[in-house]
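Structure file upload-v8.json with JSON, C-alpha atoms and all ligand atoms:
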[["chain", "number", "residue", "atom", "x", "y", "z"],
["H", 1, "MET", "CA", 11.11, 12.96, 25.37],
["H", 2, "ASN", "CA", 7.78, 14.50, 24.38],
["H", 3, "LYS", "CA", 5.97, 12.89, 21.49],
["H", 4, "ILE", "CA", 4.33, 15.04, 18.85],
["H", 5, "THR", "CA", 1.91, 14.60, 15.95],
["H", 6, "ILE", "CA", 3.35, 15.16, 12.47],
["H", 7, "ALA", "CA", 0.85, 15.93, 9.69],
["H", 8, "ILE", "CA", 2.08, 15.63, 6.09],
["H", 9, "ASP", "CA", -0.25, 16.80, 3.33],
["H", 10, "GLY", "CA", 0.23, 17.44, -0.35],
["H", 11, "PHE", "CA", -0.60, 16.49, -3.91],
["H", 12, "SER", "CA", -0.45, 12.89, -5.10],
["H", 13, "SER", "CA", 2.99, 11.36, -5.68],
["H", 14, "THR", "CA", 4.90, 14.13, -3.91],
["H", 15, "GLY", "CA", 6.78, 11.50, -1.93],
["H", 16, "LYS", "CA", 4.76, 12.05, 1.24],
["H", 17, "SER", "CA", 4.66, 8.38, 2.17],
["H", 18, "THR", "CA", 8.38, 7.83, 1.50],
["H", 19, "VAL", "CA", 9.45, 10.61, 3.83],
["H", 20, "ALA", "CA", 6.71, 9.81, 6.38],
["H", 21, "LYS", "CA", 7.96, 6.20, 6.63],
["H", 22, "GLN", "CA", 11.60, 7.35, 6.98],
["H", 23, "LEU", "CA", 10.63, 9.85, 9.64],
["H", 24, "ALA", "CA", 8.52, 7.37, 11.63],
["H", 25, "ARG", "CA", 11.40, 4.88, 11.60],
["H", 26, "ALA", "CA", 13.96, 7.50, 12.70],
["H", 27, "LEU", "CA", 11.78, 8.80, 15.55],
["H", 28, "GLY", "CA", 10.25, 5.47, 16.59],
["H", 29, "TYR", "CA", 6.78, 6.80, 15.68],
["H", 30, "VAL", "CA", 3.80, 5.06, 14.07],
["H", 31, "TYR", "CA", 3.19, 5.84, 10.39],
["H", 32, "VAL", "CA", -0.39, 6.05, 9.10],
["H", 33, "ASP", "CA", -1.04, 6.22, 5.35],
["H", 34, "THR", "CA", -4.55, 7.71, 5.13],
["H", 35, "GLY", "CA", -4.54, 7.51, 1.31],
["H", 36, "ALA", "CA", -4.47, 3.72, 1.70],
["H", 37, "MET", "CA", -7.70, 3.97, 3.73],
["H", 38, "TYR", "CA", -9.51, 5.89, 0.94],
["H", 39, "ARG", "CA", -8.04, 3.41, -1.55],
["H", 40, "ALA", "CA", -9.36, 0.49, 0.54],
["H", 41, "VAL", "CA", -12.91, 1.91, 0.49],
["H", 42, "THR", "CA", -12.55, 2.40, -3.27],
["H", 43, "PHE", "CA", -11.38, -1.19, -3.66],
["H", 44, "TYR", "CA", -14.44, -2.35, -1.72],
["H", 45, "ALA", "CA", -16.70, -0.29, -4.03],
["H", 46, "MET", "CA", -15.02, -1.83, -7.11],
["H", 47, "GLN", "CA", -15.28, -5.37, -5.75],
["H", 48, "ASN", "CA", -18.96, -4.90, -5.01],
["H", 49, "GLY", "CA", -19.88, -3.36, -8.36],
["H", 50, "LEU", "CA", -20.61, 0.08, -6.89],
["H", 51, "ILE", "CA", -18.20, 2.01, -9.11],
["H", 52, "ASN", "CA", -17.02, 1.72, -12.69],
["H", 53, "LYS", "CA", -15.96, 4.03, -15.52],
["H", 54, "ASP", "CA", -19.51, 5.29, -16.12],
["H", 55, "ASP", "CA", -21.28, 5.00, -12.83],
["H", 56, "PHE", "CA", -20.83, 5.47, -9.07],
["H", 57, "ASN", "CA", -23.56, 4.34, -6.68],
["H", 58, "SER", "CA", -22.48, 6.48, -3.73],
["H", 59, "GLU", "CA", -25.77, 5.86, -1.86],
["H", 60, "ALA", "CA", -25.18, 2.10, -1.82],
["H", 61, "LEU", "CA", -21.62, 2.70, -0.66],
["H", 62, "ILE", "CA", -22.82, 4.93, 2.20],
["H", 63, "TYR", "CA", -25.35, 2.25, 3.19],
["H", 64, "GLN", "CA", -22.63, -0.42, 3.20],
["H", 65, "LEU", "CA", -20.03, 1.63, 5.13],
["H", 66, "PRO", "CA", -20.64, -0.27, 8.42],
["H", 67, "LYS", "CA", -19.52, -3.44, 6.62],
["H", 68, "ILE", "CA", -16.14, -1.92, 5.76],
["H", 69, "ASN", "CA", -13.42, -2.55, 8.33],
["H", 70, "ILE", "CA", -10.00, -1.10, 7.54],
["H", 71, "THR", "CA", -6.99, -2.02, 9.64],
["H", 72, "PHE", "CA", -3.19, -1.85, 9.40],
["H", 73, "LYS", "CA", -0.76, -4.61, 10.38],
["H", 74, "PHE", "CA", 2.95, -4.00, 10.68],
["H", 75, "ASN", "CA", 5.02, -6.10, 8.27],
["H", 76, "GLU", "CA", 8.46, -6.62, 9.86],
["H", 77, "ALA", "CA", 10.09, -7.55, 6.55],
["H", 78, "LEU", "CA", 8.84, -4.44, 4.76],
["H", 79, "GLY", "CA", 9.25, -2.14, 7.75],
["H", 80, "PHE", "CA", 5.80, -0.57, 7.46],
["H", 81, "ALA", "CA", 2.14, -1.38, 8.14],
["H", 82, "GLU", "CA", 0.09, -2.88, 5.33],
["H", 83, "VAL", "CA", -3.58, -2.12, 4.79],
["H", 84, "TYR", "CA", -6.28, -4.77, 5.32],
["H", 85, "LEU", "CA", -9.91, -4.72, 4.23],
["H", 86, "ASN", "CA", -12.11, -6.95, 6.42],
["H", 87, "ASP", "CA", -8.99, -8.89, 7.50],
["H", 88, "VAL", "CA", -7.67, -9.46, 3.96],
["H", 89, "ASN", "CA", -4.32, -7.92, 3.01],
["H", 90, "ILE", "CA", -4.98, -5.60, 0.03],
["H", 91, "GLU", "CA", -1.75, -3.55, 0.21],
["H", 92, "ASN", "CA", -0.72, -4.35, -3.36],
["H", 93, "LYS", "CA", -4.21, -4.30, -4.80],
["H", 94, "VAL", "CA", -4.90, -0.69, -3.77],
["H", 95, "ARG", "CA", -1.86, 0.76, -5.59],
["H", 96, "THR", "CA", -3.08, 0.14, -9.15],
["H", 97, "LEU", "CA", -3.87, 2.89, -11.67],
["H", 98, "GLU", "CA", -7.46, 1.58, -11.76],
["H", 99, "VAL", "CA", -7.95, 2.26, -8.04],
["H", 100, "SER", "CA", -6.22, 5.65, -8.50],
["H", 101, "SER", "CA", -8.69, 6.51, -11.26],
["H", 102, "PHE", "CA", -11.72, 6.09, -8.94],
["H", 103, "VAL", "CA", -10.38, 7.08, -5.54],
["H", 104, "SER", "CA", -10.96, 10.84, -5.75],
["H", 105, "LYS", "CA", -14.69, 10.26, -6.39],
["H", 106, "VAL", "CA", -14.96, 8.01, -3.33],
["H", 107, "ALA", "CA", -12.89, 10.44, -1.22],
["H", 108, "ALA", "CA", -15.34, 13.24, -2.07],
["H", 109, "VAL", "CA", -18.21, 11.46, -0.24],
["H", 110, "SER", "CA", -18.67, 13.19, 3.14],
["H", 111, "GLN", "CA", -19.89, 10.05, 4.94],
["H", 112, "VAL", "CA", -16.75, 8.18, 3.82],
["H", 113, "ARG", "CA", -14.58, 11.03, 5.08],
["H", 114, "GLN", "CA", -16.42, 11.19, 8.39],
["H", 115, "LYS", "CA", -15.87, 7.47, 9.05],
["H", 116, "LEU", "CA", -12.19, 7.55, 8.12],
["H", 117, "VAL", "CA", -11.36, 10.82, 9.92],
["H", 118, "GLU", "CA", -12.89, 9.44, 13.13],
["H", 119, "GLN", "CA", -10.73, 6.32, 12.86],
["H", 120, "GLN", "CA", -7.62, 8.42, 12.09],
["H", 121, "GLN", "CA", -8.17, 10.62, 15.14],
["H", 122, "LYS", "CA", -8.48, 7.54, 17.37],
["H", 123, "MET", "CA", -5.18, 6.19, 15.99],
["H", 124, "CYS", "CA", -3.33, 9.23, 17.29],
["H", 125, "GLN", "CA", -4.63, 9.48, 20.83],
["H", 126, "ASP", "CA", -1.16, 8.84, 22.27],
["H", 127, "LYS", "CA", 0.73, 11.09, 19.81],
["H", 128, "GLY", "CA", 4.00, 9.77, 18.33],
["H", 129, "VAL", "CA", 2.35, 9.52, 14.93],
["H", 130, "VAL", "CA", 3.34, 10.59, 11.42],
["H", 131, "MET", "CA", 0.21, 10.71, 9.28],
["H", 132, "ASP", "CA", 0.07, 11.62, 5.59],
["H", 133, "GLY", "CA", -2.87, 12.57, 3.39],
["H", 134, "ARG", "CA", -4.73, 15.61, 2.08],
["H", 135, "ASP", "CA", -6.57, 17.00, 5.10],
["H", 136, "ILE", "CA", -4.39, 15.96, 8.03],
["H", 137, "GLY", "CA", -3.16, 19.44, 9.02],
["H", 138, "THR", "CA", -6.47, 21.13, 8.22],
["H", 139, "VAL", "CA", -9.18, 18.71, 9.44],
["H", 140, "VAL", "CA", -7.85, 15.56, 11.13],
["H", 141, "PHE", "CA", -5.23, 17.23, 13.37],
["H", 142, "PRO", "CA", -5.56, 21.02, 13.14],
["H", 143, "ASP", "CA", -3.44, 21.18, 16.33],
["H", 144, "ALA", "CA", -0.58, 19.00, 15.07],
["H", 145, "GLU", "CA", 2.74, 20.35, 16.36],
["H", 146, "LEU", "CA", 4.42, 19.98, 12.93],
["H", 147, "LYS", "CA", 2.62, 20.35, 9.61],
["H", 148, "LEU", "CA", 4.30, 19.88, 6.26],
["H", 149, "PHE", "CA", 2.85, 20.55, 2.82],
["H", 150, "MET", "CA", 4.66, 18.75, 0.02],
["H", 151, "THR", "CA", 4.63, 19.91, -3.60],
["H", 152, "ALA", "CA", 6.41, 19.15, -6.88],
["H", 153, "SER", "CA", 5.48, 19.78, -10.51],
["H", 154, "ALA", "CA", 2.82, 17.48, -12.02],
["H", 155, "LYS", "CA", 5.37, 16.16, -14.55],
["H", 156, "THR", "CA", 7.93, 15.28, -11.89],
["H", 157, "ARG", "CA", 5.23, 13.51, -9.88],
["H", 158, "ALA", "CA", 3.87, 11.60, -12.90],
["H", 159, "GLU", "CA", 7.39, 10.43, -13.80],
["H", 160, "ARG", "CA", 7.93, 9.13, -10.25],
["H", 161, "ARG", "CA", 4.55, 7.37, -10.21],
["H", 162, "PHE", "CA", 5.12, 5.90, -13.68],
["H", 163, "LEU", "CA", 8.47, 4.39, -12.61],
["H", 164, "GLU", "CA", 6.91, 2.97, -9.43],
["H", 165, "LEU", "CA", 4.13, 1.27, -11.40],
["H", 166, "ILE", "CA", 6.54, -0.09, -14.04],
["H", 167, "GLU", "CA", 8.83, -1.44, -11.29],
["H", 168, "ARG", "CA", 5.83, -3.28, -9.82],
["H", 169, "GLY", "CA", 5.31, -4.90, -13.21],
["H", 170, "ASP", "CA", 2.13, -2.93, -14.12],
["H", 171, "LYS", "CA", 1.70, -2.13, -17.82],
["H", 172, "VAL", "CA", 0.92, 1.57, -17.90],
["H", 173, "ASP", "CA", 1.31, 4.47, -20.26],
["H", 174, "TYR", "CA", 3.12, 7.62, -19.03],
["H", 175, "GLU", "CA", 0.43, 9.88, -20.55],
["H", 176, "ASP", "CA", -2.31, 8.01, -18.63],
["H", 177, "VAL", "CA", -0.37, 8.40, -15.38],
["H", 178, "LEU", "CA", 0.12, 12.15, -15.99],
["H", 179, "LYS", "CA", -3.59, 12.53, -16.79],
["H", 180, "ASN", "CA", -4.50, 10.70, -13.57],
["H", 181, "VAL", "CA", -2.17, 12.90, -11.49],
["H", 182, "GLU", "CA", -3.67, 16.08, -12.99],
["H", 183, "GLU", "CA", -7.26, 14.87, -12.62],
["H", 184, "ARG", "CA", -6.72, 13.90, -8.98],
["H", 185, "ASP", "CA", -5.04, 17.27, -8.25],
["H", 186, "PHE", "CA", -8.14, 18.97, -9.60],
["H", 187, "LEU", "CA", -10.72, 16.76, -7.87],
["H", 188, "ASP", "CA", -8.88, 16.64, -4.52],
["H", 189, "SER", "CA", -8.41, 20.44, -4.48],
["H", 190, "ASN", "CA", -11.93, 21.32, -5.60],
["H", 191, "ARG", "CA", -14.19, 18.96, -3.67],
["H", 192, "ALA", "CA", -16.68, 20.57, -1.29],
["H", 193, "ASP", "CA", -15.72, 18.55, 1.81],
["H", 194, "SER", "CA", -12.16, 18.96, 3.16],
["H", 195, "PRO", "CA", -10.42, 19.97, -0.08],
["H", 196, "LEU", "CA", -6.65, 19.66, -0.30],
["H", 197, "LEU", "CA", -5.37, 22.94, 1.14],
["H", 198, "LYS", "CA", -2.14, 24.07, 2.70],
["H", 199, "ALA", "CA", -2.82, 24.76, 6.39],
["H", 200, "LYS", "CA", -1.86, 28.33, 7.34],
["H", 201, "ASP", "CA", 0.82, 27.07, 9.72],
["H", 202, "ALA", "CA", 2.20, 24.33, 7.42],
["H", 203, "ILE", "CA", 5.77, 24.46, 6.11],
["H", 204, "GLU", "CA", 5.84, 24.05, 2.33],
["H", 205, "ILE", "CA", 8.46, 21.71, 0.87],
["H", 206, "ASP", "CA", 8.86, 21.73, -2.91],
["H", 207, "ASN", "CA", 10.93, 18.63, -3.62],
["H", 208, "SER", "CA", 11.05, 18.89, -7.45],
["H", 209, "HIS", "CA", 14.81, 19.36, -7.25],
["H", 210, "MET", "CA", 15.66, 17.58, -4.00],
["H", 211, "THR", "CA", 17.18, 14.13, -3.57],
["H", 212, "LEU", "CA", 15.46, 11.77, -1.13],
["H", 213, "ASP", "CA", 18.35, 12.22, 1.31],
["H", 214, "GLU", "CA", 18.20, 16.02, 1.14],
["H", 215, "GLN", "CA", 14.46, 15.95, 1.72],
["H", 216, "PHE", "CA", 14.70, 13.49, 4.61],
["H", 217, "ASN", "CA", 17.49, 15.41, 6.36],
["H", 218, "LYS", "CA", 15.62, 18.69, 6.09],
["H", 219, "ILE", "CA", 12.40, 17.21, 7.45],
["H", 220, "LEU", "CA", 14.12, 15.24, 10.22],
["H", 221, "GLN", "CA", 15.80, 18.45, 11.36],
["H", 222, "LEU", "CA", 12.43, 20.25, 11.41],
["H", 223, "ALA", "CA", 10.91, 17.40, 13.42],
["H", 224, "LYS", "CA", 13.76, 17.38, 15.97],
["H", 225, "MET", "CA", 13.53, 21.16, 16.39],
["H", 226, "THR", "CA", 9.76, 20.94, 16.93],
["H", 227, "ILE", "CA", 10.15, 18.13, 19.47],
["H", 228, "GLU", "CA", 12.76, 20.20, 21.37],
["H", 229, "ASP", "CA", 10.46, 23.23, 21.36],
["H", 230, "CYS", "CA", 7.72, 21.12, 22.91],
["H", 231, "GLU", "CA", 9.92, 19.90, 25.82],
["H", 301, "LIG", "O1", -2.09, 9.54, -0.99],
["H", 301, "LIG", "P1", -2.80, 8.70, -2.06],
["H", 301, "LIG", "O2", -2.46, 9.10, -3.46],
["H", 301, "LIG", "O3", -2.64, 7.23, -1.84],
["H", 301, "LIG", "O4", -4.35, 9.05, -1.85],
["H", 301, "LIG", "C1", -5.34, 8.51, -2.67],
["H", 301, "LIG", "C2", -6.52, 9.45, -2.77],
["H", 301, "LIG", "O5", -7.23, 9.50, -1.54],
["H", 301, "LIG", "C3", -6.20, 10.89, -3.14],
["H", 301, "LIG", "O6", -6.33, 11.12, -4.53],
["H", 301, "LIG", "C4", -7.18, 11.71, -2.36],
["H", 301, "LIG", "C5", -7.69, 10.82, -1.28],
["H", 301, "LIG", "N1", -7.26, 11.22, 0.06],
["H", 301, "LIG", "C6", -8.01, 12.13, 0.73],
["H", 301, "LIG", "O7", -8.98, 12.66, 0.18],
["H", 301, "LIG", "N2", -7.72, 12.46, 2.02],
["H", 301, "LIG", "C7", -6.67, 11.90, 2.63],
["H", 301, "LIG", "N3", -6.41, 12.24, 3.91],
["H", 301, "LIG", "C8", -5.85, 10.97, 1.95],
["H", 301, "LIG", "C9", -6.16, 10.67, 0.65]]

Can you dump the structure from the file as structure tokens?
Amino acid sequence: MNKITIAIDGFSSTGKSTVAKQLARALGYVYVDTGAMYRAVTFYAMQNGLINKDDFNSEALIYQLPKINITFKFNEALGFAEVYLNDVNIENKVRTLEVSSFVSKVAAVSQVRQKLVEQQQKMCQDKGVVMDGRDIGTVVFPDAELKLFMTASAKTRAERRFLELIERGDKVDYEDVLKNVEERDFLDSNRADSPLLKAKDAIEIDNSHMTLDEQFNKILQLAKMTIEDCE
């Protein structure tokens, strides 16, 4: 059976990674979470004092980019690949609200994008990949056979994110989570380099009123149809 590339883009907390993981498992494909890569660079910048609430030394970050090595290792128990920064597992550390509050600034730096996009393109040389992010269907894989663009209202997304953070044991305020979701929507959609855009040939999925099962079944069907068309 032919293998295809599946690009899933959309706003933050639209459930892209949930459905991308389900889809990769069902098809026997590799899942790549590109948001985790931008989060890993952000974590590096935080650890090295290059970014804080008031200041972002993007020049120093650009200079230090060659020192940043991001990899993924599959965790059998979890059923997905975790993100590593210079061989240290930082999967849990990159999901905090603090990292979320800085990541859009780091993701707006062209040199950061260039480095990560190059790595993402190499990861998909053999197809059979489900990749999620903001620019996958527009910049990373403009020729992907299936492109999806996920949306849901900001409130629905903030509620989902809030519950996720609370379940992890993080102490967060719903209003702060909503503010972060809205700020990231704005920054990600308005940056100069590779803004979040729906590719012309992407299929839009608004999952505000869909259960996870409904969403998965719909997307799996689309994937199977696309794979058949490519035979
Ligand atoms: O998917 P996520 O919320 O983990 O992504 C974190 C941030 O990284 C998001 O606010 C924008 C940025 N990002 C990006 O600019 N391009 C991508 N392909 C993936 C994420």

Dump as CSV the rows for residues of stretch 148-176 of chain H within 8 Å of stretch 2-17 of chain H: closest atom pair and distance in Å with one decimal, only C-alpha atoms counted, ordered by chain and rising residue number.
residue,atom,partner,partner_atom,distance
H:Leu148,CA,H:Ile8,CA,4.8
H:Phe149,CA,H:Asp9,CA,4.9
H:Met150,CA,H:Gly10,CA,4.6
H:Thr151,CA,H:Thr14,CA,5.8
H:Ala152,CA,H:Thr14,CA,6.0
H:Arg157,CA,H:Ser13,CA,5.2
H:Ala158,CA,H:Ser13,CA,7.3
H:Arg160,CA,H:Ser13,CA,7.1
H:Arg161,CA,H:Ser13,CA,6.2

What is the distance between atom CA of H:Gln22 and atom CA of H:Asp143, in Å to one decimal?
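Between these atoms lies a distance of 22.5 Å.
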
Compute the set of protein, DNA and RNA residues whose minimum atom distance to ligand LIG 301 (chain H) is at most 9 Å, using all atoms listed in the file, and state it as a CSV table (one decimal) with C-alpha atoms, keeping the file's coordinate frame.
chain,number,residue,atom,x,y,z
H,9,ASP,CA,-0.2,16.8,3.3
H,10,GLY,CA,0.2,17.4,-0.4
H,11,PHE,CA,-0.6,16.5,-3.9
H,12,SER,CA,-0.4,12.9,-5.1
H,13,SER,CA,3.0,11.4,-5.7
H,14,THR,CA,4.9,14.1,-3.9
H,16,LYS,CA,4.8,12.0,1.2
H,17,SER,CA,4.7,8.4,2.2
H,33,ASP,CA,-1.0,6.2,5.4
H,34,THR,CA,-4.6,7.7,5.1
H,35,GLY,CA,-4.5,7.5,1.3
H,36,ALA,CA,-4.5,3.7,1.7
H,37,MET,CA,-7.7,4.0,3.7
H,38,TYR,CA,-9.5,5.9,0.9
H,39,ARG,CA,-8.0,3.4,-1.6
H,94,VAL,CA,-4.9,-0.7,-3.8
H,95,ARG,CA,-1.9,0.8,-5.6
H,99,VAL,CA,-8.0,2.3,-8.0
H,100,SER,CA,-6.2,5.6,-8.5
H,101,SER,CA,-8.7,6.5,-11.3
H,102,PHE,CA,-11.7,6.1,-8.9
H,103,VAL,CA,-10.4,7.1,-5.5
H,104,SER,CA,-11.0,10.8,-5.8
H,105,LYS,CA,-14.7,10.3,-6.4
H,106,VAL,CA,-15.0,8.0,-3.3
H,107,ALA,CA,-12.9,10.4,-1.2
H,108,ALA,CA,-15.3,13.2,-2.1
H,113,ARG,CA,-14.6,11.0,5.1
H,116,LEU,CA,-12.2,7.6,8.1
H,117,VAL,CA,-11.4,10.8,9.9
H,131,MET,CA,0.2,10.7,9.3
H,132,ASP,CA,0.1,11.6,5.6
H,133,GLY,CA,-2.9,12.6,3.4
H,134,ARG,CA,-4.7,15.6,2.1
H,135,ASP,CA,-6.6,17.0,5.1
H,136,ILE,CA,-4.4,16.0,8.0
H,139,VAL,CA,-9.2,18.7,9.4
H,140,VAL,CA,-7.8,15.6,11.1
H,181,VAL,CA,-2.2,12.9,-11.5
H,183,GLU,CA,-7.3,14.9,-12.6
H,184,ARG,CA,-6.7,13.9,-9.0
H,185,ASP,CA,-5.0,17.3,-8.2
H,187,LEU,CA,-10.7,16.8,-7.9
H,188,ASP,CA,-8.9,16.6,-4.5
H,194,SER,CA,-12.2,19.0,3.2
H,195,PRO,CA,-10.4,20.0,-0.1
H,196,LEU,CA,-6.6,19.7,-0.3

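Among the candidates H:Ile68, H:Leu97, H:Val129, H:Leu220, the residue lying nearest to H:Val172 is H:Leu97 (atoms considered: all atoms listed in the file).
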
Please report the interatomic distance between atom CA of H:Leu50 and atom CA of H:Pro66 in Å with one decimal.
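We find that atom CA of H:Leu50 and atom CA of H:Pro66 lie 15.3 Å from each other.
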
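Going from atom CA of H:Thr71 over to atom CA of H:Val83, you cover 5.9 Å.
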
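Closest approach to H:Val112 among H:Tyr174, H:Tyr63, H:Phe74, H:Phe141: H:Tyr63, based on only C-alpha atoms.
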
Write out as a list in words each polymer residue whose atoms come within 12 Å of H:Asp170, counting only C-alpha atoms; drop sequence neighbours fewer than 4 positions from it.
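Surrounding residues, per the criterion: Asn92, Lys93, Arg95, Thr96, Leu97, Glu98, Arg161, Phe162, Leu163, Glu164, Leu165, Ile166, Tyr174 and Val177 of chain H.
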
Distance criterion (only C-alpha atoms): nearest to H:Asn89 out of H:Glu118, H:Phe56, H:Ala40, H:Met1
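Going through H:Glu118, H:Phe56, H:Ala40, H:Met1 one by one, the smallest distance to H:Asn89 is for H:Ala40.
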
Show me, as a ChimeraX atom specification, the residues that have an atom within 8 Å of H:Ala24 when counting only C-alpha atoms, minus same-chain residues fewer than 5 positions from it.
/H:29-31,129-130

Please, can stretch 132-140 of chain H be completed to all heavy atoms and returned as a PDB file, in the coordinates of the input?
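See selection_33.pdb below for the written result:
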ATOM      1  N   ASP H 132       0.072  10.860   6.838  1.00  0.00           N
ATOM      2  CA  ASP H 132       0.070  11.620   5.590  1.00  0.00           C
ATOM      3  C   ASP H 132      -1.273  11.495   4.865  1.00  0.00           C
ATOM      4  O   ASP H 132      -2.000  10.533   5.050  1.00  0.00           O
ATOM      5  CB  ASP H 132       1.268  11.250   4.693  1.00  0.00           C
ATOM      6  CG  ASP H 132       1.091   9.958   3.923  1.00  0.00           C
ATOM      7  OD1 ASP H 132       0.098   9.267   4.136  1.00  0.00           O
ATOM      8  OD2 ASP H 132       1.966   9.643   3.099  1.00  0.00           O
ATOM      9  N   GLY H 133      -1.595  12.558   4.106  1.00  0.00           N
ATOM     10  CA  GLY H 133      -2.870  12.570   3.390  1.00  0.00           C
ATOM     11  C   GLY H 133      -3.110  13.895   2.702  1.00  0.00           C
ATOM     12  O   GLY H 133      -2.183  14.487   2.134  1.00  0.00           O
ATOM     13  N   ARG H 134      -4.374  14.344   2.741  1.00  0.00           N
ATOM     14  CA  ARG H 134      -4.730  15.610   2.080  1.00  0.00           C
ATOM     15  C   ARG H 134      -5.306  16.639   3.049  1.00  0.00           C
ATOM     16  O   ARG H 134      -5.301  17.825   2.780  1.00  0.00           O
ATOM     17  CB  ARG H 134      -5.783  15.363   0.986  1.00  0.00           C
ATOM     18  CG  ARG H 134      -5.412  14.345  -0.083  1.00  0.00           C
ATOM     19  CD  ARG H 134      -4.257  14.865  -0.913  1.00  0.00           C
ATOM     20  NE  ARG H 134      -3.994  14.015  -2.070  1.00  0.00           N
ATOM     21  CZ  ARG H 134      -3.418  12.830  -2.027  1.00  0.00           C
ATOM     22  NH1 ARG H 134      -3.039  12.322  -0.879  1.00  0.00           N
ATOM     23  NH2 ARG H 134      -3.196  12.154  -3.141  1.00  0.00           N
ATOM     24  N   ASP H 135      -5.850  16.128   4.165  1.00  0.00           N
ATOM     25  CA  ASP H 135      -6.570  17.000   5.100  1.00  0.00           C
ATOM     26  C   ASP H 135      -6.065  16.803   6.529  1.00  0.00           C
ATOM     27  O   ASP H 135      -6.783  17.077   7.482  1.00  0.00           O
ATOM     28  CB  ASP H 135      -8.072  16.674   5.055  1.00  0.00           C
ATOM     29  CG  ASP H 135      -8.347  15.206   5.402  1.00  0.00           C
ATOM     30  OD1 ASP H 135      -7.388  14.402   5.378  1.00  0.00           O
ATOM     31  OD2 ASP H 135      -9.497  14.872   5.712  1.00  0.00           O
ATOM     32  N   ILE H 136      -4.855  16.311   6.680  1.00  0.00           N
ATOM     33  CA  ILE H 136      -4.390  15.960   8.030  1.00  0.00           C
ATOM     34  C   ILE H 136      -4.144  17.230   8.865  1.00  0.00           C
ATOM     35  O   ILE H 136      -4.604  17.329   9.999  1.00  0.00           O
ATOM     36  CB  ILE H 136      -3.131  15.061   7.991  1.00  0.00           C
ATOM     37  CG1 ILE H 136      -3.316  13.900   6.997  1.00  0.00           C
ATOM     38  CG2 ILE H 136      -2.788  14.536   9.389  1.00  0.00           C
ATOM     39  CD1 ILE H 136      -4.513  13.029   7.237  1.00  0.00           C
ATOM     40  N   GLY H 137      -3.446  18.204   8.275  1.00  0.00           N
ATOM     41  CA  GLY H 137      -3.160  19.440   9.020  1.00  0.00           C
ATOM     42  C   GLY H 137      -4.343  20.382   9.102  1.00  0.00           C
ATOM     43  O   GLY H 137      -4.372  21.275   9.950  1.00  0.00           O
ATOM     44  N   THR H 138      -5.333  20.194   8.230  1.00  0.00           N
ATOM     45  CA  THR H 138      -6.470  21.130   8.220  1.00  0.00           C
ATOM     46  C   THR H 138      -7.671  20.588   8.985  1.00  0.00           C
ATOM     47  O   THR H 138      -8.361  21.328   9.672  1.00  0.00           O
ATOM     48  CB  THR H 138      -6.907  21.416   6.760  1.00  0.00           C
ATOM     49  OG1 THR H 138      -7.065  20.165   6.073  1.00  0.00           O
ATOM     50  CG2 THR H 138      -5.904  22.287   6.036  1.00  0.00           C
ATOM     51  N   VAL H 139      -7.946  19.271   8.864  1.00  0.00           N
ATOM     52  CA  VAL H 139      -9.180  18.710   9.440  1.00  0.00           C
ATOM     53  C   VAL H 139      -8.908  17.655  10.513  1.00  0.00           C
ATOM     54  O   VAL H 139      -9.474  17.710  11.601  1.00  0.00           O
ATOM     55  CB  VAL H 139     -10.045  18.080   8.309  1.00  0.00           C
ATOM     56  CG1 VAL H 139     -11.270  17.383   8.885  1.00  0.00           C
ATOM     57  CG2 VAL H 139     -10.445  19.136   7.291  1.00  0.00           C
ATOM     58  N   VAL H 140      -8.032  16.698  10.209  1.00  0.00           N
ATOM     59  CA  VAL H 140      -7.850  15.560  11.130  1.00  0.00           C
ATOM     60  C   VAL H 140      -7.118  16.026  12.394  1.00  0.00           C
ATOM     61  O   VAL H 140      -7.579  15.782  13.508  1.00  0.00           O
ATOM     62  CB  VAL H 140      -7.099  14.396  10.438  1.00  0.00           C
ATOM     63  CG1 VAL H 140      -7.001  13.194  11.379  1.00  0.00           C
ATOM     64  CG2 VAL H 140      -7.789  13.990   9.139  1.00  0.00           C
TER      65      VAL H 140
END
